[in-house]
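Have a look at data_25.txt below; it lists compact mmCIF, C-alpha atoms.
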```
# COMPACT_ATOMS: atom_id res chain seq x y z
CA MET A 1 22.08 29.02 18.48
CA GLU A 2 20.74 32.52 19.19
CA LYS A 3 23.02 35.23 17.89
CA THR A 4 25.10 37.45 20.14
CA ILE A 5 23.90 41.05 19.84
CA ALA A 6 25.45 44.46 20.45
CA ALA A 7 24.23 48.06 20.45
CA ILE A 8 24.99 51.47 21.86
CA SER A 9 23.04 51.78 25.12
CA THR A 10 23.61 55.46 25.81
CA ALA A 11 21.87 58.43 24.21
CA PRO A 12 22.99 59.49 20.69
CA ALA A 13 24.59 62.68 22.01
CA PRO A 14 27.95 63.73 23.48
CA GLY A 15 28.31 62.77 27.14
CA GLY A 16 30.67 61.67 29.86
CA ILE A 17 30.68 58.06 28.70
CA GLY A 18 29.33 55.96 25.87
CA ILE A 19 28.33 52.34 26.48
CA VAL A 20 28.27 49.46 24.01
CA ARG A 21 26.34 46.49 25.40
CA ILE A 22 26.96 42.92 24.23
CA SER A 23 24.68 39.99 25.12
CA GLY A 24 24.62 36.33 24.17
CA LYS A 25 26.50 33.05 24.43
CA GLU A 26 29.49 34.51 22.58
CA ALA A 27 29.51 37.83 24.47
CA PHE A 28 32.79 37.10 26.26
CA THR A 29 34.46 35.80 23.10
CA VAL A 30 33.42 38.87 21.09
CA ALA A 31 34.52 41.24 23.86
CA ASP A 32 37.91 39.53 24.17
CA ARG A 33 38.52 40.22 20.47
CA VAL A 34 38.04 43.94 21.15
CA PHE A 35 39.23 44.51 24.73
CA ARG A 36 42.70 44.23 26.23
CA GLY A 37 42.84 44.66 30.01
CA VAL A 38 45.77 46.37 31.71
CA SER A 39 45.94 43.39 34.09
CA GLY A 40 46.27 40.99 31.19
CA LYS A 41 43.20 39.05 32.34
CA ALA A 42 40.78 38.03 29.59
CA ILE A 43 37.12 38.92 29.94
CA CYS A 44 36.17 35.24 29.86
CA GLU A 45 38.24 34.81 33.06
CA MET A 46 36.51 37.61 34.96
CA LYS A 47 33.88 37.02 37.62
CA GLY A 48 30.39 38.42 37.24
CA TYR A 49 29.76 41.95 38.50
CA THR A 50 33.43 42.91 38.17
CA ALA A 51 35.09 45.59 36.06
CA GLN A 52 38.48 46.00 34.43
CA LEU A 53 40.28 48.95 32.88
CA GLY A 54 41.83 48.45 29.48
CA GLY A 55 41.66 49.53 25.86
CA ALA A 56 39.54 48.82 22.80
CA TYR A 57 41.42 47.77 19.67
CA THR A 58 40.54 47.19 16.04
CA ALA A 59 41.31 43.91 14.30
CA ALA A 60 44.42 45.57 12.89
CA GLY A 61 45.68 46.38 16.39
CA GLU A 62 44.89 50.11 16.34
CA LYS A 63 43.90 51.42 19.77
CA LEU A 64 40.52 53.07 19.64
CA ASP A 65 40.07 54.38 23.19
CA ASP A 66 40.56 53.67 26.87
CA VAL A 67 37.68 51.44 27.98
CA VAL A 68 36.21 49.94 31.15
CA ALA A 69 34.74 46.45 30.71
CA LEU A 70 31.93 45.42 33.07
CA VAL A 71 31.02 41.72 33.12
CA PHE A 72 27.69 40.08 34.03
CA ARG A 73 27.47 36.31 33.90
CA GLY A 74 24.14 34.73 32.98
CA PRO A 75 21.64 34.05 34.31
CA LYS A 76 22.38 36.85 36.81
CA SER A 77 22.25 39.61 34.26
CA TYR A 78 19.64 41.92 32.77
CA THR A 79 19.00 39.66 29.79
CA GLY A 80 19.65 36.38 31.60
CA GLU A 81 22.59 35.79 29.22
CA ASP A 82 26.30 36.58 29.45
CA VAL A 83 26.61 40.35 29.11
CA VAL A 84 29.57 42.71 28.70
CA GLU A 85 29.30 46.49 28.77
CA LEU A 86 32.21 48.43 27.27
CA SER A 87 32.34 52.05 28.48
CA CYS A 88 34.39 54.51 26.47
CA HIS A 89 34.59 58.30 26.35
CA GLY A 90 31.19 59.64 25.37
CA GLY A 91 31.91 61.20 22.01
CA LEU A 92 29.57 60.21 19.19
CA TYR A 93 32.42 59.21 16.88
CA VAL A 94 34.29 57.06 19.37
CA THR A 95 31.14 55.31 20.59
CA LYS A 96 30.04 54.48 17.05
CA ARG A 97 33.53 53.25 16.21
CA LEU A 98 33.51 51.02 19.30
CA LEU A 99 30.18 49.53 18.20
CA GLN A 100 31.49 48.91 14.68
CA VAL A 101 34.61 47.19 16.03
CA THR A 102 32.37 45.01 18.21
CA LEU A 103 30.22 44.06 15.23
CA ASP A 104 33.37 43.30 13.20
CA ALA A 105 34.40 40.98 16.05
CA GLY A 106 31.34 38.78 15.50
CA ALA A 107 28.33 40.43 17.18
CA SER A 108 25.09 41.19 15.33
CA PRO A 109 23.28 44.55 15.56
CA ALA A 110 20.56 44.47 18.21
CA GLY A 111 17.03 45.37 17.17
CA PRO A 112 14.72 47.77 19.02
CA GLY A 113 14.25 46.54 22.59
CA GLU A 114 16.08 43.29 21.90
CA PHE A 115 17.95 43.25 25.22
CA THR A 116 14.70 43.67 27.16
CA ARG A 117 12.97 41.17 24.88
CA ARG A 118 15.58 38.58 25.80
CA ALA A 119 15.06 39.42 29.47
CA PHE A 120 11.35 38.69 28.97
CA LEU A 121 11.92 35.47 27.02
CA ASN A 122 14.43 34.29 29.63
CA GLY A 123 11.97 34.86 32.47
CA LYS A 124 13.78 37.82 34.05
CA LEU A 125 10.62 39.93 33.86
CA ASP A 126 7.09 39.63 32.53
CA LEU A 127 5.57 41.64 29.69
CA ALA A 128 4.07 44.30 31.96
CA GLN A 129 7.46 44.81 33.60
CA ALA A 130 9.12 44.99 30.19
CA GLU A 131 6.72 47.73 29.08
CA ALA A 132 7.54 49.63 32.26
CA VAL A 133 11.15 49.92 31.11
CA MET A 134 10.11 52.26 28.31
CA GLY A 135 7.82 54.02 30.76
CA ILE A 136 10.85 54.83 32.92
CA ILE A 137 12.83 56.07 29.93
CA GLY A 138 9.96 58.21 28.66
CA ALA A 139 8.74 59.56 32.02
CA SER A 140 8.28 63.32 31.88
CA GLY A 141 7.39 63.84 35.55
CA GLU A 142 7.51 62.36 39.04
CA GLN A 143 4.11 60.67 38.92
CA ALA A 144 4.76 59.06 35.53
CA MET A 145 8.09 57.85 36.88
CA LYS A 146 6.45 56.36 39.98
CA ALA A 147 3.90 54.50 37.82
CA ALA A 148 6.65 53.07 35.61
CA GLU A 149 8.79 52.09 38.60
CA ALA A 150 5.83 50.31 40.18
CA GLY A 151 5.34 48.40 36.94
CA SER A 152 9.04 47.61 36.65
CA SER A 153 9.21 46.29 40.20
CA GLY A 154 6.36 43.89 39.47
CA LEU A 155 3.77 45.63 41.64
CA LEU A 156 1.22 45.86 38.82
CA SER A 157 1.84 42.20 37.92
CA ARG A 158 1.22 41.18 41.52
CA LYS A 159 -2.09 43.05 41.55
CA ILE A 160 -3.09 41.24 38.37
CA GLN A 161 -1.99 37.94 39.91
CA GLU A 162 -4.22 38.57 42.95
CA VAL A 163 -7.22 38.94 40.65
CA LYS A 164 -6.19 35.82 38.75
CA ASP A 165 -5.74 33.81 41.93
CA GLY A 166 -9.28 34.62 43.02
CA LEU A 167 -10.72 33.72 39.62
CA MET A 168 -8.59 30.59 39.39
CA THR A 169 -10.12 29.32 42.61
CA GLN A 170 -13.56 29.81 41.12
CA ALA A 171 -12.63 28.24 37.77
CA SER A 172 -10.98 25.21 39.40
CA HIS A 173 -13.99 24.55 41.59
CA LEU A 174 -16.35 24.83 38.63
CA ALA A 175 -14.19 22.49 36.54
CA ALA A 176 -13.88 19.92 39.31
CA TRP A 177 -17.62 20.00 39.94
CA ALA A 178 -18.38 19.51 36.24
CA ASP A 179 -15.69 16.92 35.41
CA PHE A 180 -15.80 14.72 38.49
CA PRO A 181 -19.44 14.51 39.60
CA GLU A 182 -18.84 11.09 41.18
CA GLU A 183 -16.08 12.44 43.44
CA ASP A 184 -16.70 14.10 46.77
CA VAL A 185 -16.31 17.63 45.38
CA PRO A 186 -18.04 20.36 47.41
CA GLU A 187 -21.03 21.80 45.65
CA VAL A 188 -20.55 25.16 43.96
CA GLU A 189 -22.26 27.84 46.01
CA GLU A 190 -23.89 30.39 43.74
CA GLU A 191 -23.51 33.23 46.22
CA GLU A 192 -19.82 32.51 46.74
CA LEU A 193 -19.24 32.32 42.98
CA LEU A 194 -21.07 35.59 42.41
CA SER A 195 -19.07 37.25 45.17
CA GLY A 196 -15.78 36.10 43.63
CA ILE A 197 -16.71 37.41 40.20
CA ARG A 198 -17.73 40.75 41.64
CA ARG A 199 -14.47 41.09 43.58
CA GLY A 200 -12.59 40.57 40.34
CA LYS A 201 -14.75 43.15 38.60
CA GLU A 202 -14.17 45.74 41.32
CA ALA A 203 -10.40 45.27 41.18
CA LEU A 204 -10.37 45.64 37.39
CA ILE A 205 -12.62 48.71 37.46
CA GLU A 206 -10.19 50.33 39.89
CA LEU A 207 -7.22 49.49 37.66
CA LEU A 208 -8.97 50.89 34.58
CA ARG A 209 -9.80 54.06 36.46
CA GLY A 210 -6.13 54.40 37.32
CA PHE A 211 -5.18 54.07 33.64
CA ASP A 212 -7.29 57.07 32.66
CA ARG A 213 -5.75 59.13 35.46
CA GLY A 214 -2.24 57.90 34.73
CA ARG A 215 -2.44 58.76 31.05
CA MET A 216 -2.63 62.41 32.06
CA TYR A 217 0.81 62.14 33.68
CA ARG A 218 2.34 60.09 30.87
CA GLU A 219 1.04 61.93 27.83
CA GLY A 220 0.26 65.33 29.30
CA LEU A 221 -2.86 67.42 28.80
CA ALA A 222 -3.65 69.53 25.75
CA THR A 223 -3.86 72.89 27.51
CA VAL A 224 -4.95 76.10 25.83
CA ILE A 225 -4.14 79.60 27.08
CA ALA A 226 -7.06 81.64 25.78
CA GLY A 227 -8.35 85.16 26.13
CA ARG A 228 -8.81 88.39 24.26
CA PRO A 229 -5.82 90.34 22.91
CA ASN A 230 -3.44 91.89 25.45
CA ALA A 231 -4.91 89.98 28.40
CA GLY A 232 -1.43 88.63 29.11
CA LYS A 233 -1.56 85.20 27.51
CA SER A 234 1.93 85.31 26.04
CA THR A 235 3.38 86.69 29.28
CA LEU A 236 1.79 83.76 31.10
CA MET A 237 3.20 81.38 28.50
CA ASN A 238 6.68 82.77 29.11
CA LEU A 239 6.24 82.60 32.89
CA LEU A 240 5.22 78.93 32.79
CA SER A 241 7.89 78.06 30.21
CA GLY A 242 10.65 79.79 32.10
CA CYS A 243 11.86 81.49 28.91
CA GLU A 244 10.81 83.98 26.25
CA ARG A 245 8.72 81.47 24.29
CA SER A 246 6.12 83.96 23.00
CA ILE A 247 6.61 87.49 21.71
CA VAL A 248 5.18 90.09 24.08
CA THR A 249 4.37 93.68 23.05
CA GLN A 250 1.89 96.33 24.07
CA TYR A 251 0.16 95.93 20.70
CA ALA A 252 -2.99 93.79 20.46
CA GLY A 253 -2.84 90.92 18.01
CA THR A 254 0.92 90.24 18.30
CA THR A 255 0.37 86.48 18.62
CA ARG A 256 -1.02 85.29 15.28
CA ASP A 257 -0.11 81.62 15.34
CA VAL A 258 -0.30 78.91 17.97
CA VAL A 259 2.89 78.79 20.08
CA GLU A 260 3.44 75.48 21.84
CA GLU A 261 5.52 74.32 24.79
CA THR A 262 5.34 71.49 27.33
CA VAL A 263 5.72 72.44 30.99
CA LEU A 264 5.31 70.59 34.29
CA LEU A 265 2.75 72.12 36.64
CA ALA A 266 1.41 70.38 39.76
CA GLY A 267 3.32 67.32 38.59
CA VAL A 268 1.28 67.14 35.37
CA PRO A 269 2.86 67.73 31.93
CA LEU A 270 0.79 70.45 30.26
CA ARG A 271 1.11 70.71 26.48
CA LEU A 272 0.58 74.45 26.42
CA ALA A 273 -0.73 76.30 23.40
CA ASP A 274 -0.55 80.09 23.47
CA THR A 275 -3.24 81.15 21.03
CA ALA A 276 -4.09 84.34 19.22
CA GLY A 277 -6.34 86.75 21.08
CA ILE A 278 -9.97 85.91 20.38
CA ARG A 279 -11.74 88.88 18.82
CA GLU A 280 -13.39 89.99 15.61
CA THR A 281 -10.77 91.33 13.20
CA GLU A 282 -10.53 92.37 9.57
CA ASP A 283 -6.83 91.52 9.41
CA PRO A 284 -6.76 88.33 7.26
CA VAL A 285 -3.59 86.99 8.92
CA GLU A 286 -4.80 87.62 12.46
CA SER A 287 -8.18 86.13 11.50
CA ILE A 288 -6.49 82.82 10.63
CA GLY A 289 -4.84 82.84 14.08
CA VAL A 290 -8.19 83.50 15.78
CA GLN A 291 -9.79 80.59 13.91
CA ALA A 292 -6.90 78.33 14.97
CA ALA A 293 -7.42 79.44 18.58
CA ARG A 294 -11.11 78.55 18.44
CA LYS A 295 -10.31 75.11 17.00
CA ARG A 296 -7.81 74.47 19.79
CA LEU A 297 -10.50 75.27 22.35
CA GLU A 298 -12.72 72.58 20.85
CA THR A 299 -10.13 69.86 21.55
CA ALA A 300 -8.62 71.24 24.76
CA GLN A 301 -8.42 69.05 27.86
CA LEU A 302 -7.70 72.04 30.08
CA VAL A 303 -8.18 75.77 29.48
CA LEU A 304 -6.39 78.61 31.22
CA ALA A 305 -8.77 81.49 30.49
CA VAL A 306 -6.91 84.79 30.94
CA PHE A 307 -8.71 88.05 31.82
CA ASP A 308 -7.26 91.55 32.21
CA SER A 309 -8.08 92.67 35.75
CA SER A 310 -7.38 96.32 34.87
CA GLN A 311 -10.28 96.42 32.40
CA SER A 312 -13.98 95.65 32.52
CA LEU A 313 -15.26 92.41 31.02
CA THR A 314 -15.91 92.69 27.30
CA LYS A 315 -18.07 90.92 24.76
CA GLU A 316 -15.05 88.78 23.79
CA ASP A 317 -14.47 87.78 27.43
CA ARG A 318 -18.05 86.61 27.83
CA GLU A 319 -18.02 84.77 24.48
CA LEU A 320 -14.92 82.89 25.67
CA MET A 321 -16.67 81.91 28.92
CA ASP A 322 -19.73 80.74 26.99
CA SER A 323 -17.61 78.62 24.65
CA LEU A 324 -15.87 76.56 27.34
CA GLY A 325 -18.75 74.20 28.10
CA ASP A 326 -17.68 71.27 30.28
CA VAL A 327 -13.96 71.56 29.60
CA PRO A 328 -11.99 71.84 32.89
CA SER A 329 -11.12 75.53 33.03
CA ILE A 330 -9.34 77.91 35.36
CA ALA A 331 -9.98 81.64 35.26
CA ILE A 332 -6.75 83.63 35.55
CA VAL A 333 -7.39 87.22 36.54
CA ASN A 334 -4.12 88.71 35.30
CA LYS A 335 -2.33 92.02 35.84
CA THR A 336 -3.10 92.16 39.55
CA ASP A 337 -0.24 94.65 39.85
CA LEU A 338 -2.58 97.23 38.22
CA PRO A 339 -5.77 98.83 39.63
CA THR A 340 -8.71 96.41 39.44
CA GLU A 341 -11.64 97.22 37.14
CA ILE A 342 -12.92 93.71 36.27
CA ASP A 343 -16.16 92.29 37.74
CA VAL A 344 -14.61 89.60 39.93
CA GLU A 345 -17.97 88.25 41.08
CA GLU A 346 -19.02 87.44 37.51
CA ILE A 347 -15.74 85.56 36.99
CA HIS A 348 -16.27 83.59 40.21
CA SER A 349 -19.78 82.65 39.14
CA ARG A 350 -18.60 81.18 35.84
CA PHE A 351 -15.54 79.17 36.93
CA GLU A 352 -14.87 76.45 39.45
CA LYS A 353 -11.39 77.86 40.08
CA THR A 354 -10.21 81.48 39.89
CA VAL A 355 -6.59 82.55 40.33
CA PHE A 356 -5.33 86.11 40.76
CA LEU A 357 -1.99 86.48 39.06
CA SER A 358 0.57 88.92 37.80
CA ALA A 359 2.19 87.07 34.91
CA ALA A 360 4.66 89.92 34.58
CA ASN A 361 6.27 89.31 37.99
CA GLY A 362 5.12 85.79 38.84
CA GLU A 363 2.94 86.65 41.84
CA GLY A 364 0.17 84.07 42.18
CA LEU A 365 2.00 81.23 40.43
CA PRO A 366 1.82 78.90 43.50
CA GLU A 367 -1.94 79.51 43.62
CA LEU A 368 -2.22 78.59 39.94
CA GLU A 369 -0.34 75.35 40.58
CA GLN A 370 -2.69 74.54 43.46
CA ALA A 371 -5.73 75.26 41.30
CA VAL A 372 -4.43 72.93 38.57
CA SER A 373 -3.89 70.20 41.17
CA GLU A 374 -7.41 70.61 42.54
CA ILE A 375 -9.28 70.81 39.24
CA LEU A 376 -7.45 67.73 37.93
CA ASP A 377 -7.89 65.99 41.29
CA THR A 378 -4.28 64.84 41.43
CA LYS A 379 -4.11 64.30 45.21
CA ASP A 380 -5.96 60.95 45.11
CA PHE A 381 -3.77 59.42 42.41
CA HIS A 382 -1.22 56.97 43.80
CA PRO A 383 0.82 55.52 40.91
CA GLU A 384 3.28 53.89 43.29
CA GLU A 385 0.51 51.42 44.16
CA GLY A 386 0.57 50.00 40.62
CA VAL A 387 -1.47 51.19 37.63
CA LEU A 388 -2.04 50.14 34.04
CA PHE A 389 0.19 52.28 31.84
CA THR A 390 -0.12 51.07 28.22
CA GLN A 391 -3.07 50.83 25.87
CA ARG A 392 -2.35 47.12 25.42
CA GLN A 393 -2.67 46.54 29.16
CA ARG A 394 -5.85 48.57 29.26
CA SER A 395 -7.38 46.52 26.42
CA ASP A 396 -6.59 43.23 28.15
CA ALA A 397 -7.99 44.47 31.47
CA GLN A 398 -11.12 45.76 29.71
CA ARG A 399 -11.57 42.41 27.98
CA ALA A 400 -11.27 40.62 31.32
CA LEU A 401 -13.81 42.97 32.89
CA GLU A 402 -16.29 42.40 30.06
CA SER A 403 -15.91 38.63 30.43
CA LEU A 404 -16.61 38.83 34.15
CA ALA A 405 -19.65 41.01 33.49
CA GLU A 406 -20.93 38.36 31.08
CA GLY A 407 -20.29 35.68 33.70
CA GLU A 408 -22.21 37.66 36.30
CA ASN A 409 -25.15 38.10 33.92
CA ALA A 410 -25.06 34.40 33.04
CA LEU A 411 -25.16 33.50 36.71
CA LEU A 412 -27.98 35.89 37.53
CA GLY A 413 -29.86 34.77 34.41
CA GLY A 414 -29.92 31.16 35.56
CA MET A 415 -27.64 29.82 32.83
CA THR A 416 -25.61 26.64 33.28
CA TRP A 417 -22.32 26.47 35.18
CA ASP A 418 -20.59 25.74 31.86
CA ALA A 419 -21.54 29.18 30.54
CA VAL A 420 -20.20 30.85 33.67
CA THR A 421 -17.01 28.79 33.49
CA VAL A 422 -16.32 29.93 29.92
CA CYS A 423 -16.64 33.57 30.98
CA VAL A 424 -14.30 33.17 33.96
CA GLU A 425 -11.75 31.35 31.79
CA ASP A 426 -11.94 34.10 29.16
CA ALA A 427 -11.16 36.64 31.88
CA LEU A 428 -8.20 34.57 33.03
CA ASN A 429 -6.87 34.34 29.47
CA ALA A 430 -7.08 38.11 29.07
CA LEU A 431 -5.19 38.70 32.31
CA SER A 432 -2.56 36.12 31.33
CA ALA A 433 -2.08 38.02 28.07
CA LEU A 434 -1.61 41.24 30.05
CA THR A 435 1.42 39.85 31.88
CA GLY A 436 2.63 37.89 28.85
CA GLU A 437 2.02 34.35 30.09
CA HIS A 438 -0.16 33.55 27.09
CA VAL A 439 0.49 36.00 24.30
CA SER A 440 1.15 35.70 20.59
CA GLU A 441 4.49 36.39 18.93
CA GLU A 442 2.79 39.21 17.03
CA ILE A 443 1.89 40.99 20.27
CA ILE A 444 5.42 40.54 21.60
CA ASP A 445 6.77 42.06 18.38
CA GLN A 446 4.43 45.03 18.71
CA VAL A 447 5.54 45.68 22.29
CA PHE A 448 9.26 45.66 21.61
CA GLU A 449 9.25 47.48 18.28
CA GLU A 450 8.38 50.62 20.26
CA PHE A 451 11.59 50.37 22.28
CA CYS A 452 14.78 52.23 21.49
CA VAL A 453 17.74 50.27 20.17
CA GLY A 454 20.15 49.39 22.99
CA LYS A 455 17.54 48.77 25.67
```
Could you express the structure from this file as C-alpha cells?
Amino acid sequence: MEKTIAAISTAPAPGGIGIVRISGKEAFTVADRVFRGVSGKAICEMKGYTAQLGGAYTAAGEKLDDVVALVFRGPKSYTGEDVVELSCHGGLYVTKRLLQVTLDAGASPAGPGEFTRRAFLNGKLDLAQAEAVMGIIGASGEQAMKAAEAGSSGLLSRKIQEVKDGLMTQASHLAAWADFPEEDVPEVEEEELLSGIRRGKEALIELLRGFDRGRMYREGLATVIAGRPNAGKSTLMNLLSGCERSIVTQYAGTTRDVVEETVLLAGVPLRLADTAGIRETEDPVESIGVQAARKRLETAQLVLAVFDSSQSLTKEDRELMDSLGDVPSIAIVNKTDLPTEIDVEEIHSRFEKTVFLSAANGEGLPELEQAVSEILDTKDFHPEEGVLFTQRQRSDAQRALESLAEGENALLGGMTWDAVTVCVEDALNALSALTGEHVSEEIIDQVFEEFCVGK
C-alpha cells in the first residue's frame, strides 16, 4: 500500500496561515488523530469539499493551535487520493509543530513534488501540466504566468495531441497498407503523406519558436547598463529598481563592481547589471571593475548604452558603440534636463532604438519601456495560446521535428514506406514522452525533483 504523506504547503515564512497537507489512503485516519472538531464530527465522517473548525492536539492531549480542516475525497482531489488540509496560524514554529504532530500520527514526509507526482500518476494531469505547476509558482511576470497557466490548463497538451492525431492517421494508414496487403485498404497517397508530415513539422517549428521567446519571460534577459563614467548609469539603475541600489555621486568612477538587480520592464524580467564606467584608468581597483564591465558586455543579451546628452561624444562613447556588435541595444541619451551638447544624429545612426531620458527625474521612462518592447518584439508573443516552457519539452519536440524531417527526406528520396513509417513512429514516441504517456521512471524523477516540498 502506498504510504500516506504530509508536508507544509505554504511558504517557509511568517504569514496569515500555515497549511499542512495530508494525502493518501490513511489521510482521514491520520488527521483524526490530530484534529478535534468543535462539532464533534470526525474528519472521516465529513463530505468532500467541506471544512470544519477545531483544534490540533499532540498525542499527549496538548492543544497546539486552533485549526480549520478542509476535506477532499478521492478521486475528486488534487492528487486523486483522499486529502486533508489543516490550516493553522501562519507562524513558522506552530506550522512546523503541526507537521511534526501529523508525522507522529502516522504520515510520512512528502518528497519534492510528491503531491503533484501522485496527481500525474493518478491521471489527474499529464507531465506537461505537472511541469506547468512549477511554472506558475516560479513566474516572475504576467507573460510567464500566462504561459504556465496555459500549460496547466492542458492547452499545450491539446496542441501536442493535434499534431499526434495527424501523424497517427498517417502511421495507421501506413501500417494497415503494409500489414494487410490482401485487404481492401486504400493505397497510400505519397502527396497526402508528404502533406501530413509537413503539417506536423510546421506545428512543431512554431512551438519551438515559442519556446525561445518564452524563455525570455521565464528566465529574464542578462541586461547590461553600460557607458562612460558619470553618464548616469547608476541613476538609471536606481530608477528602474525603484530604490537606491547603486551609489550615485558627482565623482567619476564611483561604481567599481557590478551591481545587479532584476526588474520587470515591458513585461520582461531584466537581470540588470550596473557596470563600472568604461574608460582607461590607472587606478588598479577601478581597472578591475572596467574589465568586469567589458566581460559582461560580451555575454549580454540586451544592452542599455547610456550617453550624457550634456557633453559631446567621446572616444569611450564611440568605443562602446563599436563593441556592441549584433547584441540588441538601446541608446539612452540621458540628462535631458540639461542643455544638449551630444551629436544626436550620430547616436541615431548607430542604434535601432534611441530614448531620451532624465534618469534623475524619470522623464522618458515610458518611452524606454516601449523601446524595450519593440526591440525584443514582445507584441507578437501570445503565451496564452500554449507554448513549450521546459528544456525537457523542447528536447522532445526537437526530437519529433528531426524524425519528421528524416521521414520527409526518406519520402522524397524514394525510400520504402517502412522507412517513412519508422520516422513517423519515432516522432509520435517523442511527442508521447513530452506529455508523459510513454516516459521512463528516470525522467519522471528528474521532473519532480525540481519541485518544492509540499506541492
| task | Determine the nearest neighbour of A:Ile444 from the options A:Glu114, A:Glu352, A:Asp104, A:Glu85, counting only C-alpha atoms. | result | A:Glu114
| said: List as a list in words the protein and nucleic acid residues near A:Arg21, meaning an atom at most 8 Å away when all atoms listed in the file are counted, but skip any in the same chain fewer than 5 places from it. | reply: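 The filter keeps Ala6, Ala7, Ile8, Ser9, Val83, Val84, Glu85, Leu86 and Gly454 of chain A.
Shortest separation to A:Asp445 among A:Gly364, A:Leu204, A:Leu127, A:Leu193 occurs at residue A:Leu127, atoms counted being only C-alpha atoms.
Once stretch 207-223 of chain A and its same-chain neighbours fewer than 6 positions away are set aside, Ala139, Ser140, Gln143, Ala144, Val268, Pro269, Leu270, Arg271, Leu272, Ala273, Ala300, Gln301, Leu302, Val303, Val387, Leu388, Phe389 and Arg394 of chain A remain within 7 Å of it when counting only C-alpha atoms.
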Those same residues, written as a tab-separated table (two decimals), in the frame of the given file with C-alpha atoms?
```tsv
chain	number	residue	atom	x	y	z
A	139	ALA	CA	8.74	59.56	32.02
A	140	SER	CA	8.28	63.32	31.88
A	143	GLN	CA	4.11	60.67	38.92
A	144	ALA	CA	4.76	59.06	35.53
A	268	VAL	CA	1.28	67.14	35.37
A	269	PRO	CA	2.86	67.73	31.93
A	270	LEU	CA	0.79	70.45	30.26
A	271	ARG	CA	1.11	70.71	26.48
A	272	LEU	CA	0.58	74.45	26.42
A	273	ALA	CA	-0.73	76.30	23.40
A	300	ALA	CA	-8.62	71.24	24.76
A	301	GLN	CA	-8.42	69.05	27.86
A	302	LEU	CA	-7.70	72.04	30.08
A	303	VAL	CA	-8.18	75.77	29.48
A	387	VAL	CA	-1.47	51.19	37.63
A	388	LEU	CA	-2.04	50.14	34.04
A	389	PHE	CA	0.19	52.28	31.84
A	394	ARG	CA	-5.85	48.57	29.26
```
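For the residues A:Ser234, A:Gln129, A:Ser23, A:Asn122, ranking by smallest atom-to-atom distance to A:Gln393 using all atoms listed in the file places A:Gln129 first.
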| Atom-to-atom span, atom CA of A:Pro229 and atom CA of A:Leu357, Å |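 Taking atom CA of A:Pro229 and atom CA of A:Leu357, their separation equals 17.0 Å.
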Using all atoms listed in the file, which protein or nucleic acid residues come within 9 Å of A:Ser358? Drop anything in the same chain fewer than 3 positions from it, and give the result as an mmCIF file with C-alpha atoms, in the frame of the given file.
```cif
data_model
loop_
_atom_site.group_PDB
_atom_site.id
_atom_site.type_symbol
_atom_site.label_atom_id
_atom_site.label_comp_id
_atom_site.auth_asym_id
_atom_site.auth_seq_id
_atom_site.Cartn_x
_atom_site.Cartn_y
_atom_site.Cartn_z
ATOM 1 C CA GLY A 232 -1.430 88.630 29.110
ATOM 2 C CA LEU A 236 1.790 83.760 31.100
ATOM 3 C CA VAL A 333 -7.390 87.220 36.540
ATOM 4 C CA ASN A 334 -4.120 88.710 35.300
ATOM 5 C CA LYS A 335 -2.330 92.020 35.840
ATOM 6 C CA THR A 336 -3.100 92.160 39.550
ATOM 7 C CA ASP A 337 -0.240 94.650 39.850
ATOM 8 C CA LEU A 338 -2.580 97.230 38.220
ATOM 9 C CA ASN A 361 6.270 89.310 37.990
ATOM 10 C CA GLY A 362 5.120 85.790 38.840
ATOM 11 C CA GLU A 363 2.940 86.650 41.840
ATOM 12 C CA GLY A 364 0.170 84.070 42.180
ATOM 13 C CA LEU A 365 2.000 81.230 40.430
#
```
